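upload.csv follows; it contains CSV, C-alpha atoms and all ligand atoms.
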```csv
chain,number,residue,atom,x,y,z
A,1,ALA,CA,-7.6,22.9,-3.9
A,2,ASP,CA,-10.1,20.1,-4.0
A,3,LEU,CA,-9.6,18.2,-7.2
A,4,ASN,CA,-12.4,16.1,-8.6
A,5,LEU,CA,-10.2,13.1,-9.4
A,6,GLN,CA,-13.1,11.0,-10.7
A,7,GLU,CA,-14.0,13.7,-13.2
A,8,ILE,CA,-10.4,14.0,-14.4
A,9,HIS,CA,-10.2,10.2,-14.7
A,10,ASP,CA,-13.3,10.0,-16.8
A,11,PHE,CA,-12.2,12.8,-19.0
A,12,LEU,CA,-8.8,11.1,-19.6
A,13,VAL,CA,-10.7,7.9,-20.5
A,14,SER,CA,-12.7,9.8,-23.1
A,15,ILE,CA,-9.6,11.4,-24.5
A,16,ALA,CA,-7.9,8.0,-24.7
A,17,HIS,CA,-10.7,6.6,-26.8
A,18,LYS,CA,-10.5,9.6,-29.2
A,19,ALA,CA,-6.7,9.3,-29.4
A,20,GLY,CA,-7.1,5.6,-30.0
A,21,ASP,CA,-9.4,6.1,-33.0
A,22,MET,CA,-6.7,8.4,-34.5
A,23,ILE,CA,-4.0,5.8,-33.9
A,24,THR,CA,-5.9,2.9,-35.4
A,25,ALA,CA,-6.9,5.0,-38.4
A,26,ALA,CA,-3.3,6.0,-39.2
A,27,HIS,CA,-1.1,4.3,-41.7
A,28,PRO,CA,2.5,4.8,-40.4
A,29,THR,CA,5.3,3.7,-42.6
A,30,THR,CA,8.9,3.4,-41.6
A,31,GLY,CA,9.7,5.9,-44.2
A,32,ALA,CA,7.4,8.5,-42.6
A,33,ALA,CA,9.0,8.0,-39.2
A,34,GLY,CA,11.1,10.9,-38.3
A,35,SER,CA,13.9,10.2,-35.9
A,36,LYS,CA,14.8,12.2,-32.9
A,37,LYS,CA,18.1,11.1,-31.6
A,38,ASN,CA,19.2,8.2,-33.7
A,39,SER,CA,17.9,5.7,-36.2
A,40,VAL,CA,16.0,3.6,-33.5
A,41,ASP,CA,14.4,6.6,-31.6
A,42,LEU,CA,11.4,6.9,-33.8
A,43,VAL,CA,8.6,9.4,-34.0
A,44,THR,CA,5.8,9.7,-36.5
A,45,GLU,CA,3.4,12.4,-37.6
A,46,THR,CA,0.7,10.5,-35.7
A,47,ASP,CA,2.7,10.9,-32.4
A,48,ARG,CA,2.6,14.6,-32.9
A,49,ALA,CA,-1.0,14.8,-34.0
A,50,VAL,CA,-2.2,12.7,-31.2
A,51,GLU,CA,-0.3,14.8,-28.6
A,52,THR,CA,-1.9,17.9,-30.1
A,53,LEU,CA,-5.3,16.4,-29.8
A,54,ILE,CA,-4.7,15.5,-26.1
A,55,SER,CA,-3.0,18.7,-25.0
A,56,THR,CA,-5.7,20.9,-26.7
A,57,SER,CA,-8.5,19.0,-25.0
A,58,LEU,CA,-6.8,19.0,-21.6
A,59,ARG,CA,-5.8,22.7,-21.8
A,60,GLU,CA,-9.3,23.7,-22.7
A,61,LYS,CA,-10.9,21.8,-19.9
A,62,TYR,CA,-8.2,22.3,-17.2
A,63,PRO,CA,-6.5,25.6,-18.2
A,64,THR,CA,-4.7,26.0,-14.8
A,65,PHE,CA,-3.0,22.5,-14.8
A,66,SER,CA,0.4,21.9,-16.2
A,67,PHE,CA,1.1,19.7,-19.1
A,68,ILE,CA,4.1,17.6,-20.1
A,69,GLY,CA,4.1,15.5,-23.2
A,70,GLU,CA,6.8,13.5,-24.9
A,71,GLU,CA,6.6,15.3,-28.2
A,72,THR,CA,6.7,18.9,-26.9
A,73,TYR,CA,9.1,18.3,-24.0
A,74,LYS,CA,12.2,20.4,-24.1
A,75,PRO,CA,15.4,19.5,-22.2
A,76,GLY,CA,15.3,21.4,-18.9
A,77,ASP,CA,11.5,21.2,-18.6
A,78,ARG,CA,10.8,20.1,-15.0
A,79,ILE,CA,7.8,18.5,-13.4
A,80,THR,CA,6.7,20.8,-10.6
A,81,THR,CA,4.4,20.1,-7.6
A,82,ALA,CA,1.5,21.7,-9.5
A,83,PRO,CA,-1.3,19.4,-10.8
A,84,THR,CA,0.3,18.1,-14.0
A,85,PHE,CA,-0.8,15.9,-16.9
A,86,ILE,CA,2.1,13.7,-18.0
A,87,VAL,CA,1.3,12.2,-21.4
A,88,ASP,CA,2.8,9.9,-23.9
A,89,PRO,CA,0.6,10.0,-27.1
A,90,ILE,CA,2.0,6.8,-28.4
A,91,ASP,CA,4.0,4.6,-26.0
A,92,GLY,CA,5.5,1.9,-28.2
A,93,THR,CA,6.1,4.0,-31.3
A,94,THR,CA,8.5,1.4,-32.7
A,95,ASN,CA,5.7,-1.2,-32.5
A,96,PHE,CA,3.3,1.2,-34.0
A,97,VAL,CA,5.5,1.8,-37.0
A,98,HIS,CA,6.0,-2.0,-37.4
A,99,ARG,CA,2.3,-2.6,-36.8
A,100,TYR,CA,2.9,-4.8,-33.9
A,101,SER,CA,-0.1,-4.2,-31.7
A,102,TYR,CA,1.6,-3.7,-28.3
A,103,VAL,CA,1.0,0.1,-28.4
A,104,SER,CA,-0.7,2.4,-25.9
A,105,ILE,CA,-1.7,5.9,-25.0
A,106,SER,CA,-0.4,6.8,-21.6
A,107,LEU,CA,-2.2,9.5,-19.8
A,108,GLY,CA,-0.9,10.3,-16.3
A,109,PHE,CA,-1.8,13.0,-13.8
A,110,ALA,CA,0.5,13.9,-10.9
A,111,VAL,CA,0.0,16.1,-7.9
A,112,ASP,CA,3.0,17.1,-5.7
A,113,LEU,CA,5.0,14.8,-8.0
A,114,ILE,CA,2.9,11.9,-6.9
A,115,PRO,CA,1.3,9.8,-9.7
A,116,THR,CA,-2.4,10.2,-8.9
A,117,ILE,CA,-4.4,9.1,-11.9
A,118,GLY,CA,-3.4,6.7,-14.7
A,119,VAL,CA,-5.1,5.8,-17.9
A,120,VAL,CA,-3.4,3.4,-20.3
A,121,TYR,CA,-5.2,2.4,-23.4
A,122,ASN,CA,-4.2,-0.1,-26.2
A,123,PRO,CA,-6.5,0.9,-29.1
A,124,PHE,CA,-5.6,-2.2,-31.1
A,125,THR,CA,-6.8,-4.7,-28.5
A,126,GLN,CA,-9.2,-2.2,-26.9
A,127,THR,CA,-7.7,-2.8,-23.5
A,128,LEU,CA,-8.1,0.0,-21.0
A,129,TYR,CA,-6.2,0.1,-17.7
A,130,SER,CA,-7.0,2.8,-15.2
A,131,ALA,CA,-6.7,3.8,-11.6
A,132,ILE,CA,-7.2,6.7,-9.2
A,133,LYS,CA,-4.8,6.8,-6.2
A,134,GLY,CA,-6.5,5.1,-3.2
A,135,GLN,CA,-9.4,3.6,-5.3
A,136,GLY,CA,-8.0,0.5,-6.9
A,137,ALA,CA,-7.0,-0.3,-10.5
A,138,PHE,CA,-9.3,-1.7,-13.2
A,139,LEU,CA,-9.3,-3.4,-16.5
A,140,ASN,CA,-11.9,-1.9,-18.9
A,141,GLN,CA,-13.3,-0.1,-15.9
A,142,LYS,CA,-14.8,-3.2,-14.4
A,143,GLU,CA,-12.4,-6.0,-13.6
A,144,LYS,CA,-10.3,-5.3,-10.6
A,145,LEU,CA,-6.5,-5.7,-10.9
A,146,PRO,CA,-4.7,-8.0,-10.4
A,147,LEU,CA,-7.0,-10.3,-12.2
A,148,THR,CA,-6.4,-13.2,-9.9
A,149,LEU,CA,-5.4,-13.2,-6.2
A,150,PRO,CA,-1.6,-12.7,-6.2
A,151,THR,CA,0.2,-15.9,-5.4
A,152,PRO,CA,3.4,-15.4,-3.3
A,153,LEU,CA,6.5,-14.6,-5.2
A,154,GLU,CA,8.8,-17.6,-4.9
A,155,GLY,CA,12.0,-15.8,-5.7
A,156,LEU,CA,13.5,-14.3,-8.8
A,157,SER,CA,14.0,-17.7,-10.5
A,158,SER,CA,10.3,-18.2,-10.9
A,159,CYS,CA,9.6,-14.8,-12.3
A,160,LEU,CA,8.7,-13.7,-15.8
A,161,VAL,CA,10.7,-10.5,-16.2
A,162,ALA,CA,10.1,-7.6,-18.7
A,163,VAL,CA,13.1,-5.5,-19.7
A,164,GLU,CA,13.7,-3.0,-22.4
A,165,TRP,CA,16.8,-2.2,-24.5
A,166,GLY,CA,15.8,1.5,-24.9
A,167,SER,CA,17.1,3.6,-27.8
A,168,ASP,CA,20.6,4.2,-26.5
A,169,ARG,CA,22.7,1.4,-27.9
A,170,SER,CA,26.1,2.3,-26.6
A,171,GLY,CA,27.9,3.5,-23.5
A,172,ASN,CA,27.8,2.6,-19.8
A,173,ASP,CA,24.0,2.1,-19.6
A,174,PHE,CA,23.8,-0.1,-22.6
A,175,ALA,CA,26.6,-2.3,-21.1
A,176,VAL,CA,24.8,-2.5,-17.7
A,177,LYS,CA,21.6,-3.6,-19.5
A,178,SER,CA,23.3,-6.2,-21.7
A,179,LYS,CA,25.3,-7.8,-18.9
A,180,THR,CA,22.4,-7.8,-16.5
A,181,PHE,CA,20.1,-9.4,-19.1
A,182,SER,CA,22.5,-12.3,-19.6
A,183,LYS,CA,23.0,-12.6,-15.8
A,184,LEU,CA,19.3,-12.8,-15.2
A,185,ALA,CA,18.9,-15.6,-17.7
A,186,ALA,CA,22.0,-17.6,-16.7
A,187,THR,CA,21.9,-20.7,-14.5
A,188,LYS,CA,22.5,-20.3,-10.8
A,189,GLU,CA,25.7,-22.3,-11.1
A,190,ASN,CA,27.0,-19.5,-13.4
A,191,GLY,CA,25.9,-16.8,-10.8
A,192,GLY,CA,22.7,-16.1,-12.7
A,193,GLY,CA,19.1,-15.7,-11.7
A,194,MET,CA,17.8,-18.4,-14.0
A,195,VAL,CA,14.5,-16.5,-14.5
A,196,HIS,CA,11.6,-18.2,-16.2
A,197,GLY,CA,11.8,-15.8,-19.1
A,198,LEU,CA,12.9,-12.3,-20.3
A,199,ARG,CA,10.4,-10.3,-22.4
A,200,SER,CA,11.2,-7.1,-24.3
A,201,LEU,CA,7.9,-6.0,-25.7
A,202,GLY,CA,8.3,-2.3,-26.4
A,203,SER,CA,5.9,-0.3,-24.3
A,204,ALA,CA,6.8,0.8,-20.8
A,205,ALA,CA,3.2,1.7,-19.9
A,206,LEU,CA,1.9,-1.7,-21.0
A,207,ASN,CA,4.7,-3.4,-19.2
A,208,LEU,CA,3.6,-1.7,-16.0
A,209,CYS,CA,0.0,-2.7,-16.6
A,210,GLY,CA,1.2,-6.3,-17.3
A,211,VAL,CA,2.9,-6.3,-13.9
A,212,ALA,CA,-0.2,-4.7,-12.3
A,213,SER,CA,-2.3,-7.5,-13.9
A,214,GLY,CA,0.0,-10.1,-12.5
A,215,GLY,CA,1.1,-11.7,-15.8
A,216,LEU,CA,4.5,-10.2,-15.6
A,217,ASP,CA,6.2,-10.4,-12.2
A,218,VAL,CA,8.9,-7.8,-12.7
A,219,TYR,CA,9.8,-5.0,-15.1
A,220,TRP,CA,13.2,-3.3,-15.0
A,221,GLU,CA,14.3,-0.4,-17.2
A,222,ALA,CA,16.6,2.7,-17.2
A,223,GLY,CA,16.2,5.4,-19.7
A,224,CYS,CA,12.5,5.8,-20.0
A,225,TRP,CA,10.7,9.0,-19.0
A,226,ALA,CA,8.0,10.3,-16.7
A,227,TRP,CA,5.4,10.1,-19.5
A,228,ASP,CA,6.3,6.4,-20.1
A,229,VAL,CA,5.6,5.6,-16.4
A,230,CYS,CA,3.4,8.1,-14.7
A,231,ALA,CA,0.0,6.5,-15.7
A,232,GLY,CA,1.2,2.9,-15.3
A,233,TRP,CA,2.7,3.7,-11.9
A,234,VAL,CA,-0.7,4.5,-10.4
A,235,ILE,CA,-2.2,1.4,-11.9
A,236,LEU,CA,0.7,-0.7,-10.6
A,237,LYS,CA,0.5,0.6,-7.1
A,238,GLU,CA,-3.3,0.4,-6.9
A,239,ALA,CA,-3.0,-3.3,-7.9
A,240,GLY,CA,-0.6,-3.9,-5.0
A,241,GLY,CA,2.7,-3.6,-6.9
A,242,ILE,CA,5.7,-1.6,-5.9
A,243,MET,CA,8.0,0.7,-7.9
A,244,VAL,CA,11.7,1.0,-6.9
A,245,ASP,CA,14.9,2.2,-8.6
A,246,ALA,CA,16.6,0.1,-11.3
A,247,ASN,CA,19.8,0.9,-9.5
A,248,PRO,CA,20.3,-1.0,-6.2
A,249,GLY,CA,19.3,0.7,-3.0
A,250,ASN,CA,16.6,3.3,-3.7
A,251,TRP,CA,13.2,2.1,-2.5
A,252,GLU,CA,11.5,5.5,-3.3
A,253,PRO,CA,12.3,6.6,-6.8
A,254,ARG,CA,11.1,10.0,-8.0
A,255,ILE,CA,8.8,10.3,-11.0
A,256,ASP,CA,11.5,11.9,-13.0
A,257,GLU,CA,14.2,9.4,-12.0
A,258,ARG,CA,14.3,7.6,-15.4
A,259,ARG,CA,15.3,4.3,-13.7
A,260,TYR,CA,12.6,2.0,-12.5
A,261,MET,CA,11.8,-1.5,-11.4
A,262,ALA,CA,8.2,-2.6,-10.9
A,263,VAL,CA,7.3,-5.8,-8.9
A,264,ARG,CA,3.8,-7.2,-8.8
A,265,GLY,CA,1.7,-7.5,-5.7
A,266,GLY,CA,2.2,-10.6,-3.5
A,267,LYS,CA,4.2,-11.8,-0.5
A,268,GLY,CA,7.9,-11.8,-1.1
A,269,GLN,CA,8.2,-8.7,-3.3
A,270,LYS,CA,10.9,-7.0,-1.3
A,271,GLU,CA,13.0,-10.2,-1.4
A,272,VAL,CA,12.6,-10.3,-5.2
A,273,VAL,CA,13.8,-6.7,-5.4
A,274,GLU,CA,16.9,-7.4,-3.3
A,275,GLU,CA,17.7,-10.6,-5.3
A,276,PHE,CA,17.3,-8.6,-8.5
A,277,TRP,CA,19.5,-5.7,-7.3
A,278,GLY,CA,22.1,-8.3,-6.3
A,279,LEU,CA,22.4,-9.3,-10.0
A,280,VAL,CA,22.6,-5.8,-11.5
A,281,GLU,CA,26.1,-5.6,-13.2
A,282,GLY,CA,27.4,-2.1,-12.5
A,283,ALA,CA,25.2,1.0,-12.1
A,284,PHE,CA,23.3,3.2,-14.4
A,285,GLU,CA,24.5,6.8,-14.7
B,301,LIG,C1,9.5,3.9,-25.3
B,301,LIG,C2,8.9,2.6,-25.0
B,301,LIG,C3,10.0,1.5,-24.8
B,301,LIG,C4,11.0,1.9,-23.8
B,301,LIG,C5,11.5,3.3,-24.0
B,301,LIG,C6,10.4,4.3,-24.2
B,301,LIG,P1,8.1,5.6,-26.9
B,301,LIG,O1,8.5,4.9,-25.5
B,301,LIG,O2,8.1,2.7,-23.8
B,301,LIG,O3,9.4,0.3,-24.4
B,301,LIG,O4,12.0,1.0,-23.8
B,301,LIG,O5,12.3,3.7,-22.9
B,301,LIG,O6,11.0,5.6,-24.5
B,301,LIG,O7,9.3,6.2,-27.4
B,301,LIG,O8,7.6,4.4,-27.8
B,301,LIG,O9,7.0,6.5,-26.5
```
As structure tokens, how would this structure be written, given the file I've shared?
Ligand code: IPD
Amino acid sequence: ADLNLQEIHDFLVSIAHKAGDMITAAHPTTGAAGSKKNSVDLVTETDRAVETLISTSLREKYPTFSFIGEETYKPGDRITTAPTFIVDPIDGTTNFVHRYSYVSISLGFAVDLIPTIGVVYNPFTQTLYSAIKGQGAFLNQKEKLPLTLPTPLEGLSSCLVAVEWGSDRSGNDFAVKSKTFSKLAATKENGGGMVHGLRSLGSAALNLCGVASGGLDVYWEAGCWAWDVCAGWVILKEAGGIMVDANPGNWEPRIDERRYMAVRGGKGQKEVVEEFWGLVEGAFE
């Protein structure tokens, strides 16, 4: 079927603004934050209410499309090849609860499992990132991303790298993260990558937009979900970035892979991926 991608994009932008109003008007408290899996995996009433607003609007306008959202996902739900909205009502819930303004609404649309439209909106800074596959990526619908011409990547040691701890704080994957973080930071004499800096800011979608913009050079995470990355992935790719697996070797991760590494546009990105993969201590399960 012929999909009107521009119309879907514009509708997602309007929903992002409505959801944003709801988020900035809310007064979350740590006390009101429910917890899903453990004490650091937070969800608030606002997450649920915003998802309901988004899913209701999308189902009304596009009744034949599938919908996957963080708050209504059930283990075993699979993303199919059908046109599917993949939505995180609040990406950066921990920041939202703490009133740290690195928070976004992540509205993705995939067709044949390929991220096709992405809208990521930070309602606190009123920053909107959006892209349609094949048509470029934009800041606030007017400035093309990346914001400046990408300079060549001069190797991992000159990179600003975003990572996330995630909410699982034990087991193999936590060990792989912890060891890799210190390896990335360590001096070359100690077998490290001596990167310019590591950042752990708390929103996967905004991290991807940061890489798309060119401010961040790399973002590496295991454990996040399709709704955290679908929208940002389109924006990243349209800005010249690439997405590969967080585990070494896989250049073409699937949308539901849960392990990702994003590298900004610019000459030398494959070399940076290989250098990074060489420093990963162990493998994610
Ligand atoms: C989380 C954030 C965080 C990332 C987690 C995500 P949420 O999303 O994006 O940065 O480390 O993997 O689950 O729970 O705030 O929507």
Find the residues near Val50 in chain A: any atom within 12 Å, counting all atoms listed in the file, skip ones fewer than 6 places away on the same chain, and give them as a PyMOL selection string. chain A and resi 15-26+43-44+56-57+69-72+87-91+104-107
Might you pull out every residue within 10 Å of Arg258 in chain A, with all atoms listed in the file counted and same-chain residues fewer than 4 positions away left off, and present them as an NGL selection string? :A and (221-226 or 228-229 or 245-246 or 253-254)
Requested write-out: C-alpha atoms of the selected residues, as a tab-separated table (two decimals), in the frame of the given file:
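Generated file (out16.tsv):
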```
chain	number	residue	atom	x	y	z
A	221	GLU	CA	14.30	-0.40	-17.20
A	222	ALA	CA	16.60	2.70	-17.20
A	223	GLY	CA	16.20	5.40	-19.70
A	224	CYS	CA	12.50	5.80	-20.00
A	225	TRP	CA	10.70	9.00	-19.00
A	226	ALA	CA	8.00	10.30	-16.70
A	228	ASP	CA	6.30	6.40	-20.10
A	229	VAL	CA	5.60	5.60	-16.40
A	245	ASP	CA	14.90	2.20	-8.60
A	246	ALA	CA	16.60	0.10	-11.30
A	253	PRO	CA	12.30	6.60	-6.80
A	254	ARG	CA	11.10	10.00	-8.00
```
Which residue is closest to ligand LIG 301 (chain B)? Choose from A:Gly266, A:Pro152, A:Gly202, A:Gly76 and count only C-alpha atoms and all ligand atoms.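 Closest to ligand LIG 301 (chain B) of all the choices is A:Gly202.
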Name all residues at most 12 Å from Val211 in chain A (count all atoms listed in the file; drop same-chain ones fewer than 6 positions away) and give them as a VMD selection string. chain A and resid 129 145 to 147 150 159 to 163 204 to 205 217 to 220 232 to 243 261 to 266
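Interatomic distance, CA of Gly171 in chain A against CA of Gly92 in chain A: 22.9 Å.
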Report, in Å to a single decimal, how far apart CA of Tyr73 in chain A and CA of Leu128 in chain A are. 25.3 Å
Å distance separating CA of Glu154 in chain A from CA of Phe138 in chain A, one decimal place: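 Calculated distance between CA of Glu154 in chain A and CA of Phe138 in chain A is 25.5 Å.
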Among listed residues A:Ser170, A:Thr84, A:Gln126, A:Asn140, nearest Thr64 in chain A (using all atoms listed in the file):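 Under the stated criterion, the closest residue is A:Thr84.
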So which one's closest to Phe284 in chain A, A:Val111, A:Cys209, A:Met194, A:Ala175? Using all atoms listed in the file, please. A:Ala175
From the list A:Val176, A:Val273, A:Val103, A:Ile114, which residue is nearest ligand LIG 301 (chain B) when using all atoms listed in the file? A:Val103
I'd like to know which of A:Phe65, A:Ser178, A:Leu149, A:Gly166 is closest to Gly215 in chain A, using all atoms listed in the file.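 Looking at the shortest contact to Gly215 in chain A, the residue is A:Leu149.
Near Gly34 in chain A, within 12 Å and counting all atoms listed in the file, sit Pro28, Thr29, Thr30, Gly31, Lys37, Asn38, Ser39, Val40, Asp41, Leu42, Val43, Thr44, Glu45, Thr46, Asp47, Arg48, Glu71, Thr93, Thr94 and Val97 of chain A; same-chain residues fewer than 3 positions away were not included.
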Nearest to Asn247 in chain A among A:Cys230, A:Ile68, A:Val280, A:Leu206, with distances taken over only C-alpha atoms: which residue is it?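 Smallest separation from Asn247 in chain A among the options: A:Val280.
Those residues positioned at most 8 Å from (-4.7, 7.7, -10.8) are Leu5, His9, Gly108, Phe109, Pro115, Thr116, Ile117, Gly118, Val119, Ser130, Ala131, Ile132, Lys133, Ala231, Val234 and Ile235 of chain A, judged using all atoms listed in the file.
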Selection export as a JSON list (two decimals), in the frame of the given file, atoms kept: C-alpha atoms:
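Listed below is the output, again_19.json:
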```json
[["chain", "number", "residue", "atom", "x", "y", "z"],
["A", 5, "LEU", "CA", -10.20, 13.10, -9.40],
["A", 9, "HIS", "CA", -10.20, 10.20, -14.70],
["A", 108, "GLY", "CA", -0.90, 10.30, -16.30],
["A", 109, "PHE", "CA", -1.80, 13.00, -13.80],
["A", 115, "PRO", "CA", 1.30, 9.80, -9.70],
["A", 116, "THR", "CA", -2.40, 10.20, -8.90],
["A", 117, "ILE", "CA", -4.40, 9.10, -11.90],
["A", 118, "GLY", "CA", -3.40, 6.70, -14.70],
["A", 119, "VAL", "CA", -5.10, 5.80, -17.90],
["A", 130, "SER", "CA", -7.00, 2.80, -15.20],
["A", 131, "ALA", "CA", -6.70, 3.80, -11.60],
["A", 132, "ILE", "CA", -7.20, 6.70, -9.20],
["A", 133, "LYS", "CA", -4.80, 6.80, -6.20],
["A", 231, "ALA", "CA", 0.00, 6.50, -15.70],
["A", 234, "VAL", "CA", -0.70, 4.50, -10.40],
["A", 235, "ILE", "CA", -2.20, 1.40, -11.90]]
```
